[in-house]
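Take a look at the structure set out below.
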Amino acid sequence: MSVATLPIIDAAPSVPSLAIDCALTAEWLEAFLRDELIERRGVKSAVVGLSGGVDSAVTAFLCARALGPEHLWTIRMPYRTSSAGSLSDAQLVIDALGCRARTIDISGAVDGYLQHEPEADPRRRGNIMARTRMIVLFDQSSKLDALPIGTGNKTERLLGYFTWHADDSPPVNPLGDLFKTQVWALARYLGVPPSIVDKAPSADLEADQVPAFVETCVTTAGIGAHHVFLETVADVFGVAFEHHENSEADVVADGAAIALKG
Amino acid sequence: MKLAIVQFKPRKGEVEANLAALGDVFAQLAAEEKPYDLIVFPEAALTGYFLEGAVYELAFSTNTLAERLARLWRERAPVKRLKPVDVAIGFYENDGGTYHNSAMYLHVTPEHHEVIHVHRKMFLPTYGVFDEERFLSRGRRLQAFDTRFGRMALLICEDMWHALMPTIAAIKGARALIVPSASPGRGIEGREGELESIRYWHELLHATAVEHGVFIFYAGLAGFEGGKGMTGSSRVVDPRGATLAEAPALGTCIIRADIDFGEVDLARASLPLLGDLGAVLPDLLLDDELLPSLAHERRP
């Protein structure tokens with residue numbers, strides 16, 4: 001008699017996933033926006049600052065779906081050194097949504113202060129621009145009887161990668177509980193123009209600055225070089241992450257790799 | 001028994017506005033030709049759920065709230081339709097300076113009212129988005145109680161997530177479990193287009209109803225509180241585990257159901273798990289290893 005070979009069923013690995021049900025997520029976030037603006041505050045309109053990046057694009061798409069494009073005011077706020085590409089990417093969002101749009105140059109406001117601080121380094125200048133943009137968004141909201149909507153995501157928040165009294169200021173933040181990876185997935189579902197979704201995240205840091213950023217976090221903020229942290233860093237910048245058995249963790253950014261001993 | 005489950009959305013902290021809205025619900029229900037026998041509201045229905053320290057300002061004594069609700073029913077029901085009604089509602093209770101997340105079962109007639117039972121939530125979630133035990137004291141006892149429709153028990157939200165709670169309620173004779181709840185949605189990974197937390201509730205209520213042959217009346221709070229979305233999803237489950245009605249996760253509504261408690265006997269006759277449990281549970285609970293193994297954990 002031959003020995004029967006029993007079929008083997010492999011179990012799926014039980015690991016947390018960043019995958020989301022985009023339709024469900026959009027439905028809840030739209031309901032959240034309507035509840036916070038219309039029902040709780042009696043405000044019909046939203047103001048969103050469009051940077052040309054994916055976070056503000058997704059926020060604008062959600063607001064347009066929740067409130068109607070006629071109740072969405074998008075504001076572009078370039079500084080004189082801002083790239084033309086950011087403005088044209090933001091225009092793609094405006095065209096796709098048919099929402100209200102305005103461009104307000106912040107160069108005069110920013111330079112008005114900076115003339116007294118000519119030595120300010122790029123980090124300080126970046127923070128001044130971010131805070132100036134928030135002054136504009138809150139003032140425009142006041143003028144338009146609208147509410148400024150935040151565009152920050154969970155990854156940035158967990159890392160502390162935001163400017164105080166700037167990106168963290170708006171009272172309602174629909175992306176606040178989504179990791180960057182999830183924001184990208186939601187962007188594709190909502191139909192955000194692919195050139196915005198697929199472009200490399202720039203923020204104020206370029207990808208080749210990521211290793212330096214990680215090192216700063218680890219050494220000055222006391223964040224351990226744990227692979228979960230590095231995974232989160234990789235997530236926010238959209239760069240590849242590799243975790244090796246020997247407990248070294250690598251963040252690979254733009255061809256440059258760093259290795260931190262775990 | 002004619003049942004209403006009210007998927008209610010309070011304005012946070014605005015007790016008088018919420019009582020007025022609850023009165024509107026009473027008026028709507030009382031306008032129907034056939035009177036309702038039991039009206040169930042969610043957890044923390046009159047204040048909203050995430051109160052933190054404001055619970056000390058907004059909590060009711062049981063008697064004060066019972067008096068308000070009875071008066072509201074009499075004021076809002078048209079005189080010719082002023083029939084006796086039972087109301088089950090979750091509320092923050094001030095018991096002489098000790099605060100609980102409670103639910104009361106109240107019987108109201110045109111002339112008087114009687115608090116049939118108050119259950120104080122025993123499992124106070126204090127993790128993740130929850131913070132109950134910083135502000136509230138645990139209930140210490142789970143009781144079933146007699147109503148004019150049969151014996152019931154109240155379990156508030158996380159009370160229901162511990163299998164021992166509905167088990168003890170059923171052993172104590174409950175034929176229906178009333179579950180007022182305020183469940184913030186979690187889990188957008190999404191399976192079958194539903195939040196993970198809603199799916200888990202669904203499975204939990206189904207399995208519990210089947211195991212003990214009980215009706216379950218689940219009333220879910222609705223609306224957003226500080227970025228947390230309450231998931232409504234009020235539900236009636238019969239003693240065989242069938243969902244008789246299911247409300248959507250978002251928005252407010254009323255579930256209407258006709259309940260025949262004879263179904264409990266039939267379900268238990270065909271699947272006598274509760275009887276089996278009654279025979280075995282003493283062996284499990286009186287096992288002399290059980291309590292020492294728990295006590296060992298508590299030793300310094």
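Every chain in the structure tokens has a letter given in the order shown (A, B, ...), and although residue numbers restart at 1 in each chain, ligands are simply numbered from 1 in the order shown.
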Query - Near-Ala31 of chain A list (9 Å; only C-alpha atoms; drop same-chain fewer than 3 positions) as a PyMOL selection string - result: (chain A and resi 26-28+34-36+66) or (chain B and resi 224+229+250)
May I have the residues from that selection written out with N, CA and C atoms, as a PDB file, in the first residue's frame?
```pdb
ATOM      1  N   ALA A  26     -12.172  56.962   1.923  1.00  0.00           N
ATOM      2  CA  ALA A  26     -12.685  58.220   1.369  1.00  0.00           C
ATOM      3  C   ALA A  26     -14.076  58.522   1.916  1.00  0.00           C
ATOM      4  N   GLU A  27     -14.913  57.495   2.002  1.00  0.00           N
ATOM      5  CA  GLU A  27     -16.283  57.689   2.503  1.00  0.00           C
ATOM      6  C   GLU A  27     -16.263  58.255   3.929  1.00  0.00           C
ATOM      7  N   TRP A  28     -15.393  57.665   4.780  1.00  0.00           N
ATOM      8  CA  TRP A  28     -15.346  58.124   6.177  1.00  0.00           C
ATOM      9  C   TRP A  28     -14.742  59.511   6.288  1.00  0.00           C
ATOM     10  N   ARG A  34     -17.667  66.755   6.414  1.00  0.00           N
ATOM     11  CA  ARG A  34     -19.007  67.350   6.461  1.00  0.00           C
ATOM     12  C   ARG A  34     -19.464  67.558   7.906  1.00  0.00           C
ATOM     13  N   ASP A  35     -19.159  66.557   8.748  1.00  0.00           N
ATOM     14  CA  ASP A  35     -19.571  66.641  10.148  1.00  0.00           C
ATOM     15  C   ASP A  35     -18.867  67.802  10.849  1.00  0.00           C
ATOM     16  N   GLU A  36     -17.553  67.908  10.636  1.00  0.00           N
ATOM     17  CA  GLU A  36     -16.779  68.939  11.333  1.00  0.00           C
ATOM     18  C   GLU A  36     -17.112  70.340  10.830  1.00  0.00           C
ATOM     19  N   ALA A  66     -16.513  66.223  -0.511  1.00  0.00           N
ATOM     20  CA  ALA A  66     -17.356  66.355   0.674  1.00  0.00           C
ATOM     21  C   ALA A  66     -18.255  67.582   0.612  1.00  0.00           C
TER      22      ALA A  66
ATOM     23  N   PHE B 224     -19.147  62.222  14.760  1.00  0.00           N
ATOM     24  CA  PHE B 224     -17.702  62.317  14.976  1.00  0.00           C
ATOM     25  C   PHE B 224     -17.419  63.100  16.253  1.00  0.00           C
ATOM     26  N   GLY B 229     -14.640  58.673  14.597  1.00  0.00           N
ATOM     27  CA  GLY B 229     -15.955  58.476  13.999  1.00  0.00           C
ATOM     28  C   GLY B 229     -16.693  57.339  14.678  1.00  0.00           C
ATOM     29  N   LEU B 250     -22.885  55.282   9.335  1.00  0.00           N
ATOM     30  CA  LEU B 250     -22.939  56.736   9.402  1.00  0.00           C
ATOM     31  C   LEU B 250     -24.381  57.216   9.480  1.00  0.00           C
TER      32      LEU B 250
END
```
Contacts of Thr25 of chain A within 12 Å, only C-alpha atoms, excl. fewer than 3 positions in-chain, as a compact mmCIF listing (two decimals) with C-alpha atoms, in the first residue's frame:
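The result, written out as part_16.txt:
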```txt
# COMPACT_ATOMS: atom_id res chain seq x y z
CA ALA A 19 -2.95 48.56 2.70
CA ILE A 20 -6.27 50.39 2.99
CA ASP A 21 -9.73 50.08 1.52
CA CYS A 22 -9.62 53.38 -0.37
CA TRP A 28 -15.35 58.12 6.18
CA LEU A 29 -13.08 61.10 5.60
CA GLU A 30 -15.74 62.88 3.53
CA ALA A 31 -18.31 62.22 6.27
CA PHE A 32 -15.78 63.51 8.80
CA LEU A 62 -11.56 65.07 -0.36
CA PRO A 174 -8.41 64.67 7.27
CA LEU A 175 -5.08 62.93 6.51
CA ASP A 177 -4.42 59.30 10.71
CA LEU A 178 -3.00 58.11 7.38
CA GLN A 182 -1.75 55.27 2.51
CA VAL A 183 -2.02 58.86 1.25
CA ALA A 185 -2.93 54.85 -2.32
CA LEU A 186 -5.84 57.19 -1.61
CA ALA A 187 -4.48 59.71 -4.16
CA TYR A 189 -8.06 56.04 -5.95
CA LEU A 190 -9.32 59.64 -5.97
CA GLY B 185 -14.30 53.11 14.03
CA ARG B 186 -10.93 51.39 13.68
CA GLY B 187 -9.30 49.45 10.89
CA ILE B 188 -9.45 50.90 7.38
CA GLU B 189 -7.66 47.88 5.96
CA GLY B 190 -11.22 46.96 5.09
CA GLY B 193 -15.99 47.03 2.49
CA GLU B 194 -16.45 47.37 6.24
CA LEU B 195 -14.30 48.81 9.02
CA GLU B 196 -12.54 46.11 11.01
CA GLY B 229 -15.96 58.48 14.00
```
Requested in this report: Tell me, as a VMD selection string, which residues lie within 9 Å of segment 47-57 of chain A, counting only C-alpha atoms; anything in the same chain fewer than 3 positions away does not count.
Outcome: chain A and resid 60 to 63 71 to 78 85 to 93 133 to 134 137 to 138 140 to 141 144 146 to 153 175 180 183 to 184 187 192 to 193 196 to 199 201 to 203
Requested in this report: Determine the nearest neighbour of Ala21 of chain B from the options B:Thr64, B:Ser270, B:Gln143, B:Thr47, counting only C-alpha atoms.
Outcome: B:Thr47
Query - Nearest to Ala77 of chain B, chosen from B:Ala30, B:Ala17, B:Leu271, B:Ile254, with only C-alpha atoms counted in the distances - result: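 Answer, going by the shortest atom-to-atom distance: B:Ala30.
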Query raised in the report: Would you give me, as a PyMOL selection string, the residues in segment 36-239 of chain A that DSSP reads as helix (DSSP H, G or I)?
Result: chain A and resi 36-41+54-67+69-71+84-97+107-114+122-144+154-159+180-190+194-198+207-220+227-237
Requested in this report: Could you please write out, as number ranges by chain, every residue of segment 21-65 of chain B that DSSP assigns to strand (DSSP E or B)?
Outcome: B: 38-40, 60
With C-alpha atoms retained, could you export that selection as a short mmCIF file (atom, residue, chain, number, x, y, z; two decimals), in the first residue's frame?
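So out.cif came out as:
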```cif
data_model
loop_
_atom_site.label_atom_id
_atom_site.label_comp_id
_atom_site.auth_asym_id
_atom_site.auth_seq_id
_atom_site.Cartn_x
_atom_site.Cartn_y
_atom_site.Cartn_z
CA LEU B 38 -39.11 49.36 24.54
CA ILE B 39 -36.93 52.19 23.22
CA VAL B 40 -33.16 51.68 23.36
CA PHE B 60 -26.65 62.62 36.17
#
```
**Report entry** Polymer residues at most 12 Å from Asn94 of chain B, only C-alpha atoms, same-chain spacing of 6 or more positions, as a PyMOL selection string
**Finding:** chain B and resi 55-65+100-102+120+135-137
Requested in this report: Show which residues sit within 12 Å of segment 109-118 of chain A, as a list in words. Count only C-alpha atoms, and ignore same-chain residues fewer than 4 positions away.
Outcome: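 Once the adjacent positions are removed, what remains is Met77, Pro78, Tyr79, Arg80, Thr81, Ile104, Asp105, Pro122, Arg124, Arg125, Gly126, Asn127, Ile128, Met129, Ala130, Arg131, Thr132, Arg133, Ile135 and Val136 of chain A.
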Query raised in the report: Which one of A:Asp167, A:Ile38, A:Pro194, A:Leu158 sits closest to Ala96 of chain A if you count only C-alpha atoms?
Result: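 Counting only C-alpha atoms, the residue closest to Ala96 of chain A is A:Pro194.
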Query raised in the report: Given the choices A:Gly42, A:Thr181, A:Pro69, A:Gly176, which gets closest to chain B if the distance is worked out from only C-alpha atoms?
Result: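 Of all the options, A:Gly176 lies closest to chain B.
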Requested in this report: Measure the distance from atom CA of Glu158 of chain B to atom CA of Leu124 of chain B in Å and round it to one decimal.
Outcome: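 These atoms are spaced 7.0 Å apart.
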Query raised in the report: What is the distance between atom CA of Glu263 of chain B and atom CA of His117 of chain B, in Å to one decimal?
Result: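 Atom CA of Glu263 of chain B sits 24.0 Å away from atom CA of His117 of chain B.
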Report task. Select, from A:Ala4, A:Thr155, A:Leu24, A:Ser14, the residue with the minimum atom-to-atom distance to chain B, counting only C-alpha atoms. Result ->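 Closest candidate: A:Leu24.
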Report summary line: In Å and to one decimal, atom CA of Ser83 of chain A is distant from atom CA of Thr103 of chain A by 14.0 Å
